[in-house]
Amino acid sequence: MNIFERLQMLDRRWIFLVVAVAIIVPLIIPFNSKTYTTEPTEKLYRIIDSFAPGPDEKPIEKDRALLLVFTHDASTMPELFPMEIAILRHCFARNIKVFTLTFLPSAAPIMDYAINTVKEEFPHVKSGEHYVNFGYKIGALMLPIILGMGEDISEAVDIDAEGRKLSSLPIMKNIKNYNEMNLIMDFSGSSAGGAWIVYARSKFGANVGAGVTAVMAADEYPYLQTGQLTGMLAGLKGAAEYEKLVEVFALKKREFSRELLKDPEYDNAITNPDIPYKFKQARIGMNAQSVAHIMIIVFILIGNIGYFITKYKEKQQG
Amino acid sequence: MKRSIPLAIVITLGFLFVGYVFIPHKISTDFYEWYMEWIKAMSPFGVVLGIMSIVMTHSARIQHKVPNWQYSIVTLIAMFFTAYAGFAWGTQEGTPFMWLFKNVQMPMGATMFALLAFYIASASYKAFRARSAEATVLLLAAIIVMLGQVPVGVSMFGEGINDITHWILNVPNLASKRGIALGVGLGMVATSLRILLGIERTYLGGGE
């Protein structure tokens, strides 16, 4: 048996071992890598940033808000959680009104965890003034709530996760329905966000964005092309891009500029000790993903070389 | 009787909801709002049924000592303890419920999902072969998209790899996805009509 035949018969446990090493080493030994931003991510960033109050405007008076819908459980957190905290960081840094909601009981702790993770860095942020967690609402009420928010959010949602009447909260000032809460961002590992496109987008004209796992991203492209999705964060890559945008623009209160993104100074985040791990975890993860993708490509190439050589030899012999 | 009554409920309510969508009259709107109030009451019953089902299934597994019955004990203990932790101490940050979520559910869920990477690597090595022209196109597209998704790909081949990746996702991928979506949509309409007209009855269970 020659080496190529042996490679064809390789025990898959060796492949598992190589993949494990390829993923673990870049996570343990961090190194800087360039993050290239894509248009769907930039569009989302820009629309969210446009919800920020102006320099002479009181944040509470602002008539724009963002709804983050958590439609996933713990299994997809490695990809989706960095997106969620990057967007929350953007909102808290720029005093953008933000609401959170889920129709999945298993996502309720994720919302609390995401809010608390980001809130630690922004002591001025208060529940009811800067953000409201609408909490978990039963799945059967999804449609009535989506449609009801088109008329009156306070009436459709009624109470938040802390049991307070929405209508009594200061954040609801100047926020009535989708005219004001003009972007819904759904995070999921499935096509669950489609309901927002069908009802909130088609019936009320709300902007809808999606944060999806990489394997689901291909399914969302038809909606991106038609404009039914305003933007999309695709997998860990999308999260890494958003992390970078928040750092380069939102935290420094700068206007978006593609030129500035090319500056290599902004690609040193991974080894920069001033940036907390939680706000660069997607970029660190992208290093592991880079190595893993290269490993998979190498496996495919080796497998194919072995396949063709074996086939050629068989042809010659027989 | 066991099949006729559920069938009659499905057909009647099905047509009533079709009426609500296509006839925006006060009667249909009032009916819909009344029904929504009932949904709130129905959901807790669904939870009770779910809990009963889990308890009965796993109790039977433990009682009859079926293979791997020990896992059923873990399932029941985990379910009741997590529920107790939530009811007793709440679900906010710093409570035992949140501790369980962060230290048990989150890593276990992520571990299960992460196994995908190992199976993709193994499957791509064992099965991803350029056996035909179509398979070769698929293979090349996969390699390009994989390279375009990671920074190292762009560093190796320049930003052009990003453009090719976007073209693959925006043109051939989009065309096929849209075709599939149209097919699924038509299939859903056909299945809904079959259910409404009582032709499709497999959802009732038990077979014909």
# chains A, B, ... in the order shown; residues from 1 in each chain; ligands from 1
call {"tool": "interface_residues", "arguments": {"of": "chain A", "to": "chain B", "cutoff": "8 Å", "atoms": "only C-alpha atoms", "output": "NGL selection string"}}
result
:A and (8 or 12 or 15-16 or 19-20 or 33-36 or 73-78 or 109 or 112-113 or 116 or 138 or 140-141 or 144 or 218-219 or 221-222 or 225 or 237 or 286-287 or 289-290 or 293-294 or 296-297 or 299-300 or 302-304 or 307)
call {"tool": "residues_around", "arguments": {"residues": "segment 191-194 of chain A", "least_positions_apart": "3", "cutoff": "8 Å", "atoms": "only C-alpha atoms", "output": "JSON list (two decimals) with C-alpha atoms, in the first residue's frame"}}
result
[["chain", "number", "residue", "atom", "x", "y", "z"],
["A", 71, "THR", "CA", -33.99, 33.72, 18.57],
["A", 186, "ASP", "CA", -33.01, 39.24, 14.69],
["A", 187, "PHE", "CA", -30.25, 36.89, 15.86],
["A", 188, "SER", "CA", -30.77, 33.26, 15.00],
["A", 197, "ILE", "CA", -39.62, 40.48, 7.05],
["A", 198, "VAL", "CA", -43.09, 39.13, 6.25],
["A", 210, "ALA", "CA", -30.27, 39.67, 10.53],
["A", 216, "MET", "CA", -27.43, 30.12, 7.47],
["A", 219, "ASP", "CA", -30.18, 31.59, 2.84],
["A", 220, "GLU", "CA", -30.44, 35.32, 3.58]]
call {"tool": "residues_around", "arguments": {"residues": "Ile73 of chain B", "least_positions_apart": "6", "cutoff": "12 Å", "atoms": "only C-alpha atoms", "output": "JSON, numbers by chain"}}
result
{"B": [54, 55, 57, 58, 59, 60, 61, 62, 63, 65, 79, 80, 81]}
call {"tool": "select_by_dssp", "arguments": {"residues": "segment 31-118 of chain A", "states": "strand (DSSP E or B)", "output": "list in words"}}
result
Ala65, Leu66, Leu67, Leu68, Val69, Phe70, Thr71, Lys97, Val98, Phe99, Thr100, Leu101 and Thr102 of chain A
call {"tool": "atom_distance", "arguments": {"atom1": "atom CA of Pro67 of chain B", "atom2": "atom CA of Val48 of chain B"}}
result
27.2 Å
call {"tool": "residues_around", "arguments": {"residues": "segment 239-242 of chain A", "least_positions_apart": "4", "cutoff": "9 Å", "atoms": "only C-alpha atoms", "output": "list in words"}}
result
Thr35, Tyr36, Thr37, Thr38, Thr41, Glu42, Leu44, Tyr45, Glu79, Leu80, Phe81, Pro82, Met83, Glu84, Ala86, Ile87, Gly211, Leu233, Ala234, Gly235, Val246, Glu247, Lys280, Gln281, Ala282, Arg283, Ile284, Gly285 and Met286 of chain A
call {"tool": "write_last_selection", "arguments": {"atoms": "N, CA and C atoms", "output": "PDB file, in the first residue's frame"}}
result
ATOM      1  N   THR A  35      -9.099  42.738   9.769  1.00  0.00           N
ATOM      2  CA  THR A  35     -10.531  42.465   9.616  1.00  0.00           C
ATOM      3  C   THR A  35     -11.063  43.324   8.480  1.00  0.00           C
ATOM      4  N   TYR A  36     -11.537  42.657   7.432  1.00  0.00           N
ATOM      5  CA  TYR A  36     -12.097  43.384   6.282  1.00  0.00           C
ATOM      6  C   TYR A  36     -13.604  43.497   6.478  1.00  0.00           C
ATOM      7  N   THR A  37     -14.123  44.705   6.396  1.00  0.00           N
ATOM      8  CA  THR A  37     -15.574  44.857   6.591  1.00  0.00           C
ATOM      9  C   THR A  37     -16.304  44.729   5.255  1.00  0.00           C
ATOM     10  N   THR A  38     -17.527  44.214   5.328  1.00  0.00           N
ATOM     11  CA  THR A  38     -18.325  44.025   4.109  1.00  0.00           C
ATOM     12  C   THR A  38     -19.539  44.958   4.133  1.00  0.00           C
ATOM     13  N   THR A  41     -22.595  44.489   6.619  1.00  0.00           N
ATOM     14  CA  THR A  41     -22.270  44.882   7.997  1.00  0.00           C
ATOM     15  C   THR A  41     -22.207  46.405   8.106  1.00  0.00           C
ATOM     16  N   GLU A  42     -21.581  47.027   7.130  1.00  0.00           N
ATOM     17  CA  GLU A  42     -21.443  48.494   7.160  1.00  0.00           C
ATOM     18  C   GLU A  42     -22.822  49.167   7.131  1.00  0.00           C
ATOM     19  N   LEU A  44     -25.637  48.001   8.237  1.00  0.00           N
ATOM     20  CA  LEU A  44     -26.264  47.877   9.557  1.00  0.00           C
ATOM     21  C   LEU A  44     -25.676  48.886  10.534  1.00  0.00           C
ATOM     22  N   TYR A  45     -24.351  48.952  10.523  1.00  0.00           N
ATOM     23  CA  TYR A  45     -23.684  49.878  11.438  1.00  0.00           C
ATOM     24  C   TYR A  45     -24.186  51.301  11.211  1.00  0.00           C
ATOM     25  N   GLU A  79     -21.064  32.086  17.970  1.00  0.00           N
ATOM     26  CA  GLU A  79     -21.122  32.939  16.781  1.00  0.00           C
ATOM     27  C   GLU A  79     -21.989  34.172  16.995  1.00  0.00           C
ATOM     28  N   LEU A  80     -23.106  33.993  17.696  1.00  0.00           N
ATOM     29  CA  LEU A  80     -24.085  35.082  17.769  1.00  0.00           C
ATOM     30  C   LEU A  80     -23.856  36.026  18.955  1.00  0.00           C
ATOM     31  N   PHE A  81     -23.341  35.509  20.054  1.00  0.00           N
ATOM     32  CA  PHE A  81     -23.172  36.360  21.242  1.00  0.00           C
ATOM     33  C   PHE A  81     -22.216  37.539  20.986  1.00  0.00           C
ATOM     34  N   PRO A  82     -21.075  37.311  20.297  1.00  0.00           N
ATOM     35  CA  PRO A  82     -20.203  38.479  20.014  1.00  0.00           C
ATOM     36  C   PRO A  82     -20.906  39.566  19.202  1.00  0.00           C
ATOM     37  N   MET A  83     -21.831  39.161  18.296  1.00  0.00           N
ATOM     38  CA  MET A  83     -22.595  40.162  17.527  1.00  0.00           C
ATOM     39  C   MET A  83     -23.470  40.971  18.467  1.00  0.00           C
ATOM     40  N   GLU A  84     -24.136  40.248  19.359  1.00  0.00           N
ATOM     41  CA  GLU A  84     -25.093  40.895  20.264  1.00  0.00           C
ATOM     42  C   GLU A  84     -24.400  41.904  21.167  1.00  0.00           C
ATOM     43  N   ALA A  86     -21.534  43.333  20.585  1.00  0.00           N
ATOM     44  CA  ALA A  86     -20.961  44.428  19.783  1.00  0.00           C
ATOM     45  C   ALA A  86     -22.033  45.486  19.488  1.00  0.00           C
ATOM     46  N   ILE A  87     -23.241  45.039  19.165  1.00  0.00           N
ATOM     47  CA  ILE A  87     -24.320  45.999  18.870  1.00  0.00           C
ATOM     48  C   ILE A  87     -24.758  46.709  20.146  1.00  0.00           C
ATOM     49  N   GLY A 211     -28.771  38.741  12.139  1.00  0.00           N
ATOM     50  CA  GLY A 211     -27.490  38.242  12.626  1.00  0.00           C
ATOM     51  C   GLY A 211     -27.618  36.734  12.624  1.00  0.00           C
ATOM     52  N   LEU A 233     -25.284  40.413   9.582  1.00  0.00           N
ATOM     53  CA  LEU A 233     -24.017  39.988  10.177  1.00  0.00           C
ATOM     54  C   LEU A 233     -23.949  38.483   9.974  1.00  0.00           C
ATOM     55  N   ALA A 234     -22.973  38.047   9.186  1.00  0.00           N
ATOM     56  CA  ALA A 234     -22.898  36.629   8.831  1.00  0.00           C
ATOM     57  C   ALA A 234     -21.825  35.924   9.650  1.00  0.00           C
ATOM     58  N   GLY A 235     -22.266  35.137  10.621  1.00  0.00           N
ATOM     59  CA  GLY A 235     -21.358  34.330  11.424  1.00  0.00           C
ATOM     60  C   GLY A 235     -20.346  35.153  12.205  1.00  0.00           C
ATOM     61  N   VAL A 246     -17.348  49.350  15.653  1.00  0.00           N
ATOM     62  CA  VAL A 246     -17.681  50.017  16.922  1.00  0.00           C
ATOM     63  C   VAL A 246     -16.433  50.680  17.508  1.00  0.00           C
ATOM     64  N   GLU A 247     -15.326  49.945  17.430  1.00  0.00           N
ATOM     65  CA  GLU A 247     -14.097  50.475  18.021  1.00  0.00           C
ATOM     66  C   GLU A 247     -13.554  51.688  17.255  1.00  0.00           C
ATOM     67  N   LYS A 280     -13.430  41.653  21.849  1.00  0.00           N
ATOM     68  CA  LYS A 280     -12.623  41.267  20.681  1.00  0.00           C
ATOM     69  C   LYS A 280     -12.667  39.755  20.461  1.00  0.00           C
ATOM     70  N   GLN A 281     -13.610  39.089  21.141  1.00  0.00           N
ATOM     71  CA  GLN A 281     -13.637  37.621  21.051  1.00  0.00           C
ATOM     72  C   GLN A 281     -13.932  37.129  19.635  1.00  0.00           C
ATOM     73  N   ALA A 282     -14.709  37.893  18.857  1.00  0.00           N
ATOM     74  CA  ALA A 282     -14.993  37.447  17.478  1.00  0.00           C
ATOM     75  C   ALA A 282     -13.726  37.535  16.638  1.00  0.00           C
ATOM     76  N   ARG A 283     -12.935  38.588  16.846  1.00  0.00           N
ATOM     77  CA  ARG A 283     -11.706  38.737  16.050  1.00  0.00           C
ATOM     78  C   ARG A 283     -10.684  37.665  16.433  1.00  0.00           C
ATOM     79  N   ILE A 284     -10.633  37.317  17.728  1.00  0.00           N
ATOM     80  CA  ILE A 284      -9.738  36.229  18.143  1.00  0.00           C
ATOM     81  C   ILE A 284     -10.233  34.911  17.524  1.00  0.00           C
ATOM     82  N   GLY A 285     -11.559  34.738  17.572  1.00  0.00           N
ATOM     83  CA  GLY A 285     -12.152  33.524  16.986  1.00  0.00           C
ATOM     84  C   GLY A 285     -11.881  33.414  15.502  1.00  0.00           C
ATOM     85  N   MET A 286     -11.801  34.564  14.819  1.00  0.00           N
ATOM     86  CA  MET A 286     -11.551  34.534  13.373  1.00  0.00           C
ATOM     87  C   MET A 286     -10.169  33.978  13.051  1.00  0.00           C
TER      88      MET A 286
END
call {"tool": "atom_distance", "arguments": {"atom1": "atom CA of Ala133 of chain B", "atom2": "atom CA of Ile168 of chain B"}}
result
17.2 Å
call {"tool": "atom_distance", "arguments": {"atom1": "atom CA of His90 of chain A", "atom2": "atom CA of Ile48 of chain A"}}
result
8.3 Å
call {"tool": "closest_residue", "arguments": {"among": "A:Lys173, A:Arg64, A:Lys203, A:Lys244", "to": "Leu147 of chain A", "atoms": "only C-alpha atoms"}}
result
A:Lys203
call {"tool": "residues_around", "arguments": {"residues": "segment 192-195 of chain B", "least_positions_apart": "5", "cutoff": "10 Å", "atoms": "only C-alpha atoms", "output": "number ranges by chain"}}
result
B: 7, 10-11, 14, 186-187, 200-203
